[in-house]
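The file protein-v5.cif comes next; it holds mmCIF, C-alpha atoms.
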data_final
loop_
_atom_site.label_atom_id
_atom_site.label_comp_id
_atom_site.auth_asym_id
_atom_site.auth_seq_id
_atom_site.Cartn_x
_atom_site.Cartn_y
_atom_site.Cartn_z
CA MET A 1 49.81 97.88 63.93
CA PRO A 2 46.84 99.02 61.83
CA ALA A 3 47.40 99.45 58.10
CA GLY A 4 48.71 102.87 57.15
CA GLU A 5 50.44 103.61 60.45
CA ALA A 6 54.12 104.51 60.26
CA ALA A 7 56.57 102.47 62.31
CA ALA A 8 59.55 104.01 64.09
CA ARG A 9 62.61 102.15 62.84
CA TYR A 10 65.25 104.48 64.29
CA VAL A 11 64.82 105.28 67.98
CA ALA A 12 66.95 107.31 70.38
CA ILE A 13 66.48 107.39 74.15
CA ILE A 14 67.69 109.69 76.91
CA THR A 15 67.83 107.12 79.71
CA ASP A 16 67.24 109.57 82.55
CA GLY A 17 66.43 109.03 86.22
CA ASN A 18 68.76 106.29 87.44
CA GLY A 19 70.07 108.34 90.35
CA ARG A 20 66.64 109.46 91.51
CA TRP A 21 65.35 105.89 91.20
CA ALA A 22 68.12 104.76 93.55
CA ALA A 23 67.65 107.67 95.98
CA GLU A 24 63.94 106.95 96.40
CA ARG A 25 64.84 103.39 97.39
CA GLY A 26 67.67 104.34 99.75
CA LEU A 27 70.25 102.74 97.46
CA PRO A 28 73.68 103.95 96.35
CA VAL A 29 73.53 105.79 93.04
CA VAL A 30 75.60 103.09 91.33
CA GLU A 31 72.75 100.64 91.98
CA GLY A 32 70.50 102.94 89.99
CA HIS A 33 72.96 102.86 87.11
CA ARG A 34 73.11 99.05 87.32
CA ALA A 35 69.33 98.86 87.20
CA GLY A 36 69.37 101.27 84.28
CA ALA A 37 71.88 99.11 82.42
CA ASP A 38 69.64 96.09 82.98
CA THR A 39 66.76 98.06 81.48
CA VAL A 40 68.84 98.94 78.42
CA LYS A 41 69.54 95.26 77.90
CA ALA A 42 65.88 94.29 78.26
CA ARG A 43 64.54 97.05 76.01
CA LEU A 44 67.21 96.25 73.42
CA ARG A 45 65.79 92.76 73.10
CA ASP A 46 62.28 94.20 72.87
CA ALA A 47 63.47 96.59 70.17
CA VAL A 48 64.74 93.67 68.08
CA GLU A 49 61.37 91.93 68.40
CA LEU A 50 59.48 95.13 67.58
CA GLY A 51 61.35 95.71 64.32
CA ILE A 52 63.50 98.65 65.41
CA ARG A 53 66.64 98.80 63.28
CA GLU A 54 68.71 101.32 65.25
CA LEU A 55 68.59 102.12 68.96
CA THR A 56 70.71 104.93 70.37
CA VAL A 57 71.06 105.32 74.15
CA TYR A 58 72.66 108.17 76.12
CA SER A 59 75.13 106.37 78.38
CA PHE A 60 77.50 109.14 79.54
CA SER A 61 77.49 112.77 78.46
CA THR A 62 80.37 115.20 78.23
CA GLU A 63 78.76 117.03 81.18
CA ASN A 64 78.66 113.89 83.34
CA TRP A 65 82.35 114.31 84.12
CA GLY A 66 81.19 116.97 86.57
CA ARG A 67 79.54 114.38 88.81
CA PRO A 68 81.23 113.21 92.05
CA PRO A 69 84.50 111.38 91.26
CA GLU A 70 83.37 108.21 93.01
CA GLU A 71 80.23 108.06 90.86
CA VAL A 72 82.23 108.59 87.67
CA ALA A 73 84.72 105.89 88.70
CA ALA A 74 81.90 103.45 89.45
CA LEU A 75 80.28 104.21 86.10
CA MET A 76 83.52 103.56 84.23
CA GLU A 77 84.04 100.28 86.07
CA MET A 78 80.46 99.19 85.38
CA PHE A 79 80.73 100.20 81.74
CA ALA A 80 83.85 98.08 81.27
CA GLU A 81 82.21 95.14 83.03
CA ARG A 82 79.10 95.33 80.84
CA ILE A 83 81.16 95.43 77.67
CA ARG A 84 83.09 92.35 78.76
CA THR A 85 80.06 90.29 79.81
CA GLU A 86 77.45 91.36 77.26
CA THR A 87 79.38 91.64 74.01
CA PRO A 88 79.30 87.88 73.33
CA GLU A 89 75.52 87.84 73.90
CA LEU A 90 74.97 90.75 71.55
CA GLU A 91 77.13 89.12 68.89
CA GLU A 92 75.06 85.94 69.18
CA GLU A 93 71.82 87.91 68.92
CA GLY A 94 72.91 89.76 65.77
CA VAL A 95 73.28 93.16 67.43
CA ARG A 96 76.00 95.48 66.14
CA MET A 97 77.53 97.86 68.70
CA ARG A 98 78.86 101.32 67.92
CA PHE A 99 80.15 103.82 70.44
CA VAL A 100 79.71 107.50 69.56
CA GLY A 101 81.51 110.28 71.36
CA ARG A 102 85.00 111.23 72.43
CA ARG A 103 87.57 108.61 73.36
CA ASP A 104 90.45 110.75 74.59
CA ARG A 105 89.34 111.12 78.21
CA VAL A 106 88.87 107.49 79.23
CA SER A 107 91.48 104.86 80.03
CA PRO A 108 93.30 103.12 77.18
CA ALA A 109 91.97 99.81 78.53
CA LEU A 110 88.37 100.99 78.20
CA VAL A 111 88.99 102.33 74.69
CA GLU A 112 90.47 98.96 73.76
CA ALA A 113 87.39 97.20 75.16
CA MET A 114 85.08 99.48 73.19
CA GLU A 115 86.99 98.94 69.96
CA GLY A 116 87.06 95.20 70.59
CA ALA A 117 83.28 95.11 71.11
CA GLU A 118 82.74 97.05 67.87
CA ALA A 119 84.95 94.63 65.96
CA GLN A 120 83.39 91.53 67.54
CA THR A 121 79.83 92.60 66.70
CA ALA A 122 80.54 94.22 63.33
CA SER A 123 78.61 91.60 61.37
CA GLY A 124 75.40 92.02 63.38
CA ASP A 125 72.51 92.74 61.02
CA ARG A 126 69.37 92.60 63.18
CA LEU A 127 69.84 95.91 65.01
CA THR A 128 72.58 98.50 65.54
CA LEU A 129 73.00 99.69 69.12
CA PHE A 130 74.63 103.12 69.23
CA ILE A 131 75.96 103.92 72.70
CA ALA A 132 76.56 107.64 73.23
CA PHE A 133 79.51 107.65 75.63
CA ASP A 134 81.39 110.84 76.56
CA TYR A 135 79.06 112.35 74.01
CA GLY A 136 77.87 115.91 73.50
CA GLY A 137 75.91 117.17 70.53
CA ARG A 138 77.67 120.52 70.41
CA ASN A 139 81.09 118.86 70.56
CA GLU A 140 80.10 116.57 67.71
CA ILE A 141 79.05 119.51 65.53
CA ILE A 142 82.17 121.52 66.39
CA ASP A 143 84.44 118.55 65.67
CA ALA A 144 82.75 118.08 62.29
CA ALA A 145 82.85 121.80 61.51
CA ARG A 146 86.63 121.89 62.03
CA ARG A 147 87.04 119.41 59.16
CA TYR A 148 84.21 120.61 56.94
CA GLU A 149 85.31 121.97 53.57
CA GLY A 150 81.93 122.49 51.98
CA GLY A 151 79.54 120.31 50.05
CA GLY A 152 76.25 120.71 51.89
CA GLU A 153 74.46 118.70 54.56
CA ASP A 154 75.39 115.28 53.22
CA ALA A 155 79.07 116.14 53.23
CA PHE A 156 78.80 117.56 56.75
CA GLN A 157 77.03 114.46 58.03
CA GLU A 158 79.89 112.31 56.81
CA LEU A 159 82.06 114.08 59.40
CA LEU A 160 79.86 113.23 62.39
CA TYR A 161 80.87 110.55 64.91
CA ALA A 162 78.67 107.89 63.27
CA PRO A 163 77.85 109.06 59.74
CA GLU A 164 75.99 105.81 59.06
CA MET A 165 73.46 106.56 61.81
CA HIS A 166 70.00 107.38 60.48
CA ASP A 167 68.23 110.42 61.89
CA PRO A 168 66.03 109.10 64.71
CA ASP A 169 62.34 108.85 63.87
CA LEU A 170 61.57 109.03 67.57
CA LEU A 171 63.37 110.47 70.60
CA ILE A 172 62.19 109.30 74.03
CA ARG A 173 63.18 110.85 77.34
CA THR A 174 62.27 109.36 80.70
CA SER A 175 61.99 110.79 84.26
CA GLY A 176 59.66 113.70 83.50
CA GLU A 177 62.35 116.06 82.22
CA MET A 178 61.56 117.83 78.94
CA ARG A 179 64.80 118.87 77.27
CA LEU A 180 67.35 117.47 74.83
CA SER A 181 70.39 117.85 77.13
CA ASN A 182 72.87 118.25 74.28
CA TYR A 183 71.86 114.94 72.70
CA LEU A 184 71.98 114.27 68.94
CA LEU A 185 71.31 117.92 68.14
CA TRP A 186 72.05 117.50 64.43
CA GLN A 187 70.33 114.15 64.03
CA CYS A 188 67.12 115.00 65.91
CA ALA A 189 66.23 118.08 63.87
CA TYR A 190 62.94 116.47 62.77
CA SER A 191 62.54 113.65 65.28
CA GLU A 192 59.24 113.18 67.05
CA LEU A 193 59.66 113.72 70.80
CA VAL A 194 57.96 111.69 73.53
CA PHE A 195 58.51 112.47 77.22
CA ARG A 196 57.73 109.90 79.89
CA ASP A 197 57.32 110.36 83.65
CA GLU A 198 58.82 107.07 84.86
CA TYR A 199 62.48 106.81 85.77
CA TRP A 200 64.53 104.85 83.26
CA PRO A 201 64.82 101.64 85.38
CA ASP A 202 61.00 101.51 85.42
CA PHE A 203 60.66 101.91 81.64
CA ASP A 204 59.24 98.54 80.63
CA ARG A 205 58.20 96.98 77.34
CA ALA A 206 54.67 98.35 77.67
CA ALA A 207 56.10 101.88 77.97
CA LEU A 208 58.20 101.37 74.85
CA GLU A 209 55.19 100.09 72.94
CA GLU A 210 53.17 103.12 74.06
CA CYS A 211 55.91 105.41 72.74
CA LEU A 212 55.91 103.60 69.41
CA ALA A 213 52.13 103.86 69.22
CA GLU A 214 52.31 107.59 69.97
CA PHE A 215 54.79 107.99 67.12
CA ALA A 216 52.54 106.04 64.76
CA SER A 217 49.63 108.36 65.55
CA ARG A 218 51.49 111.49 64.47
CA GLN A 219 51.75 113.07 61.05
CA ARG A 220 55.27 114.08 60.05
CA ARG A 221 55.30 117.01 57.62
CA TYR A 222 58.94 118.21 57.76
CA GLY A 223 57.82 121.81 57.41
CA GLY A 224 55.27 121.12 54.69
CA ARG A 225 51.47 121.07 54.76
#

Any chance you could give the structure as structure tokens?
Amino acid sequence: MPAGEAAARYVAIITDGNGRWAAERGLPVVEGHRAGADTVKARLRDAVELGIRELTVYSFSTENWGRPPEEVAALMEMFAERIRTETPELEEEGVRMRFVGRRDRVSPALVEAMEGAEAQTASGDRLTLFIAFDYGGRNEIIDAARRYEGGGEDAFQELLYAPEMHDPDLLIRTSGEMRLSNYLLWQCAYSELVFRDEYWPDFDRAALEECLAEFASRQRRYGGR
């Protein structure tokens, strides 16, 4: 990176397009989600190499419960399987896992797996992977507001699902859609936005590097001159 360019250290991604990727290939939608999960794993390793300190991915939104029951069931099963098989690898690679979102609508066994993965990887210091699961930005703000007793923005942020999360420098969305979809509404107030046309399973390292280069080319003024 040329001298003087700013690097994105905190990156959030809306990993969109798994279902359409599968449909265009005549595959069941769950195969799109599996391919998308493989891409998360690959880009996570790239993120470590590229110096990203926090990566937040949108795994399952509060609105996703409205999808066909068989798709939701398959997603839950796949999610549990990935936690079981990948947590030891992430621990070895120095990646800390944190799940952000509600935990009252999934099975106790899945909640236990999530909490176990968080505990097992708690000492990871190379990168924190925040997984937004059963997450909605409005719900997060409402939940915080119910407990807020004053004190300004810093005090309010302490009531969010992951108060230690830094505001993302960069928010990426794939699949050609150009909206936030109820994602990190508080945290992304001043994030730079980059929209990509490829579906998430096709988002490779080169695409990530292009997004980081786009961020580095921008001037962030936060409302100033």

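For the residues A:Ala7, A:Glu71, A:Ile14, A:Phe133, ranking by smallest atom-to-atom distance to A:Pro28 using only C-alpha atoms places A:Glu71 first.
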
Residues selected by the PyMOL selection byres ((chain A and resi 43) around 12), written as a PDB file with C-alpha atoms, in the coordinates of the input:
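New file result-v8.pdb:
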ATOM      1  CA  VAL A  11      64.820 105.280  67.980  1.00  0.00           C
ATOM      2  CA  ALA A  12      66.950 107.310  70.380  1.00  0.00           C
ATOM      3  CA  ILE A  13      66.480 107.390  74.150  1.00  0.00           C
ATOM      4  CA  THR A  15      67.830 107.120  79.710  1.00  0.00           C
ATOM      5  CA  GLY A  36      69.370 101.270  84.280  1.00  0.00           C
ATOM      6  CA  ALA A  37      71.880  99.110  82.420  1.00  0.00           C
ATOM      7  CA  ASP A  38      69.640  96.090  82.980  1.00  0.00           C
ATOM      8  CA  THR A  39      66.760  98.060  81.480  1.00  0.00           C
ATOM      9  CA  VAL A  40      68.840  98.940  78.420  1.00  0.00           C
ATOM     10  CA  LYS A  41      69.540  95.260  77.900  1.00  0.00           C
ATOM     11  CA  ALA A  42      65.880  94.290  78.260  1.00  0.00           C
ATOM     12  CA  LEU A  44      67.210  96.250  73.420  1.00  0.00           C
ATOM     13  CA  ARG A  45      65.790  92.760  73.100  1.00  0.00           C
ATOM     14  CA  ASP A  46      62.280  94.200  72.870  1.00  0.00           C
ATOM     15  CA  ALA A  47      63.470  96.590  70.170  1.00  0.00           C
ATOM     16  CA  VAL A  48      64.740  93.670  68.080  1.00  0.00           C
ATOM     17  CA  GLU A  49      61.370  91.930  68.400  1.00  0.00           C
ATOM     18  CA  LEU A  50      59.480  95.130  67.580  1.00  0.00           C
ATOM     19  CA  ILE A  52      63.500  98.650  65.410  1.00  0.00           C
ATOM     20  CA  LEU A  55      68.590 102.120  68.960  1.00  0.00           C
ATOM     21  CA  THR A  56      70.710 104.930  70.370  1.00  0.00           C
ATOM     22  CA  VAL A  57      71.060 105.320  74.150  1.00  0.00           C
ATOM     23  CA  LEU A 129      73.000  99.690  69.120  1.00  0.00           C
ATOM     24  CA  TRP A 200      64.530 104.850  83.260  1.00  0.00           C
ATOM     25  CA  PRO A 201      64.820 101.640  85.380  1.00  0.00           C
ATOM     26  CA  ASP A 202      61.000 101.510  85.420  1.00  0.00           C
ATOM     27  CA  PHE A 203      60.660 101.910  81.640  1.00  0.00           C
ATOM     28  CA  ASP A 204      59.240  98.540  80.630  1.00  0.00           C
ATOM     29  CA  ARG A 205      58.200  96.980  77.340  1.00  0.00           C
ATOM     30  CA  ALA A 206      54.670  98.350  77.670  1.00  0.00           C
ATOM     31  CA  ALA A 207      56.100 101.880  77.970  1.00  0.00           C
ATOM     32  CA  LEU A 208      58.200 101.370  74.850  1.00  0.00           C
ATOM     33  CA  GLU A 209      55.190 100.090  72.940  1.00  0.00           C
TER      34      GLU A 209
END

(request) Would you kindly identify which residues have an atom no farther than 12 Å from (91.9, 90.2, 77.6), using all atoms listed in the file and the file's own coordinates, and write them out as a ChimeraX atom specification? (result) /A:80,83-84,109-110,112-113,116-117

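Taking atom CA of A:Arg218 and atom CA of A:Glu198 as endpoints, the distance between them is 22.1 Å.
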
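All residues of protein, DNA or RNA that reach within 7 Å of A:Val100, judged by all atoms listed in the file and not counting those fewer than 6 positions away in the chain, are Phe130, Ile131, Ala132, Phe133, Tyr135, Tyr161 and Ala162 of chain A.
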
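Note that the spacing between atom CA of A:Met114 and atom CA of A:Arg173 amounts to 25.0 Å.
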
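Among A:Glu89, A:Glu192, A:Glu24, A:Asp197, the residue with the shortest atom-to-atom distance to A:Ala213, counting all atoms listed in the file, is A:Glu192.
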